[in-house]
Structure formats: structure tokens, C-alpha cells
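K.L.:
Quick one: structure below, then a few questions.
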Amino acid sequence: MSPPAAICVLARPASAVSAEAQHVLDSAAQLVARVESSMWLFGRKMAVMTMLDSLTTSHAENGWDGEQALPASHAAIGLAADFIRALPDDIDMPDVGVEPDGAVTLDWLPSRHRMLSVSFGGSGNRLAYAWLDGSDRGSGVVRFNRQAIPRTLMEAIAMTTEFAGHAGVRAA
């Protein structure tokens, strides 16, 4: 069970001016942190959120890959965390990675012939994705409002993971 989207929005850093507004922000952030640290309340998403949090230290320096990789973008980590919060609770969780340009990736890799990768860059709310299903492949870019996963991307996740809650009828 993810925290309600409205609470997550309130928990984001903002330009709170009054002491009361800052108190609401702090309280919402504490509530989100408590829910997301509970395996009972947040389930399998907690493990992915923990991996995302670890990127802030494990990929924080230039050259983390032994080459010239840029640090993981804090904005990209935050966007990926909002994406995980928006996923249905019973869908397979992705693997987490960092690209040399500092972008964060969420990857579903059920087999070497079926996979989906979603890339979270450091700017804006545009997500690039690419998928492979046997000899079929595709890619696209969608806008993510930080609360609901775009339909086309949810369909790609469902196709890759065979998520019963969203998968369409497929002929063999």
C-alpha cells in the first residue's frame, strides 16, 4: 500500500513561507517515510526504494564506474521513487540501475527475450523507455505527472511482466 499521492505531493520540498506550512510539509514527509519504511504497509516497493536511496551514496562521485560516469542525479532518483510509488502494489518490481550520464533506470528483465527499461533523466518529467518481446521491439517517450503512470507505459510494463491486472489478451 503506497502512501496517498496527495500526501507524497505535500511531502516534497516546497517554498513554504509560514511556520504552519513548514509544519505541514514536515509532518507529511514523516508520514511518507514511516509508510515506506514498513514492509507490511509498503511491501515489495520498500526494497526498490531502499535501492534507490543507496544510489545517492554508491553513485555520488564522478567516475563511480571507473571511467567518466556522472553522479546519479538526485532529481532522477526522486522521479524514479515517485514512479515506484505509483506502480500497482501487486506488480513485479523492477531492478534499479544508473547510466553513465547520471540517469536512473528501472528495468524489468523476466528473460533475455522479454525486457523493458525506463530511463529517468535529471530534468523535467519526460521518461524514455524501450522494450523487447521476442523479435518485437519498440521505444517511446511519455510524460509522467508524478502521480499516475501513463497508459502506454503501463501497457508496456504489463506486456513485459504479464501483469494480470492490466495485461490485454495476447495470441500465441
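Residue names in the C-alpha cells use chain letters A, B, ... in the order shown, residue numbers from 1 in each chain, and ligand numbers from 1 in the order shown.
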Determine which residues of segment 15-150 of chain A receive a DSSP assignment of strand (DSSP E), computed from the backbone, and state them as a PyMOL selection string.

P.N.:
chain A and resi 95-98+104-111+114-120+126-133+136-143

K.L.:
For segment 144-147 of chain A, work out the shell of residues within 7 Å, counting only C-alpha atoms and skipping chain neighbours fewer than 6 positions away, then give it as a compact mmCIF listing (two decimals) with N, CA, C and O atoms, in the first residue's frame.

P.N.:
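Generated file (result.txt):
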# COMPACT_ATOMS: atom_id res chain seq x y z
N ALA A 5 -1.21 9.72 -2.95
CA ALA A 5 -0.45 10.64 -3.79
C ALA A 5 -0.46 12.06 -3.23
O ALA A 5 0.55 12.76 -3.29
N LEU A 79 12.30 11.26 -9.13
CA LEU A 79 11.30 10.93 -10.14
C LEU A 79 11.06 9.42 -10.19
O LEU A 79 9.91 8.96 -10.26
N ASP A 82 8.94 8.39 -7.21
CA ASP A 82 7.52 8.68 -7.43
C ASP A 82 6.90 7.65 -8.37
O ASP A 82 5.74 7.27 -8.20
N PHE A 83 7.66 7.19 -9.34
CA PHE A 83 7.18 6.17 -10.27
C PHE A 83 6.90 4.86 -9.53
O PHE A 83 5.85 4.24 -9.72
N ALA A 86 3.76 5.00 -7.64
CA ALA A 86 2.57 4.97 -8.49
C ALA A 86 2.27 3.59 -9.07
O ALA A 86 1.17 3.36 -9.57
N ASN A 125 9.79 15.96 -16.63
CA ASN A 125 9.00 14.80 -16.28
C ASN A 125 8.84 13.84 -17.46
O ASN A 125 7.89 13.08 -17.53
N ARG A 126 9.77 13.89 -18.39
CA ARG A 126 9.72 13.01 -19.56
C ARG A 126 10.52 11.75 -19.29
O ARG A 126 11.66 11.81 -18.82
N LEU A 127 9.91 10.62 -19.58
CA LEU A 127 10.55 9.32 -19.38
C LEU A 127 10.74 8.65 -20.73
O LEU A 127 9.80 8.55 -21.52

K.L.:
Which polymer residues have any atom within 10 Å of an atom of Val141 of chain A, counting only C-alpha atoms, with same-chain residues fewer than 2 positions away left out, as a list in words?

P.N.:
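Final neighbour list, sorted by chain and number: Val118, Ser119, Arg126, Leu127, Ala128, Tyr129, Ala130, Ser139, Arg143, Phe144, Thr152 and Leu153 of chain A.
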
K.L.:
Between A:Glu67, A:Asp133, A:Asp107, A:Glu99, which is the closest to Leu55 of chain A once you count only C-alpha atoms?

P.N.:
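Among the listed residues, A:Glu99 lies closest to Leu55 of chain A.
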
K.L.:
I'd like the interatomic distance between atom CA of Ala69 of chain A and atom CA of Met51 of chain A, to a tenth of an Å.

P.N.:
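Computed distance, atom CA of Ala69 of chain A to atom CA of Met51 of chain A, equals 18.8 Å.
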
K.L.:
Using only C-alpha atoms, find the one residue out of A:Gly66, A:Ala148, A:Ser111, A:Ala156 that sits nearest to Trp131 of chain A.

P.N.:
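Among the listed residues, A:Ala156 lies closest to Trp131 of chain A.
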
K.L.:
Kindly indicate which residue among A:Asp95, A:Asp136, A:Glu162, A:Glu155 lies nearest to Thr50 of chain A, using only C-alpha atoms for the distances.

P.N.:
A:Asp95

K.L.:
For atom CA of Ile77 of chain A and atom CA of Asp101 of chain A, quote the distance in Å rounded to one decimal.

P.N.:
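So the two atoms, atom CA of Ile77 of chain A and atom CA of Asp101 of chain A, lie 13.1 Å apart.
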
K.L.:
Residues of segment 39-142 of chain A classed as alpha helix (DSSP H) by DSSP on the backbone are to be reported as a count of residues only.

P.N.:
31

K.L.:
Rank nothing, just name the residue among A:Pro100, A:Asp89, A:Thr161, A:Leu109 nearest to Asn62 of chain A, using only C-alpha atoms.

P.N.:
A:Pro100

K.L.:
So which one's closest to Met46 of chain A, A:Arg85, A:His74, A:Arg151, A:Arg112? Using only C-alpha atoms, please.

P.N.:
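The answer is A:Arg85, which sits nearest to Met46 of chain A.
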
K.L.:
For each of A:Ala75, A:Ile157, A:Val48, A:Met93, take the minimum atom-to-atom distance to Leu132 of chain A, counting only C-alpha atoms, then give the residue where this is smallest.

P.N.:
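Checking each candidate against Leu132 of chain A, we get A:Ile157 as the closest.
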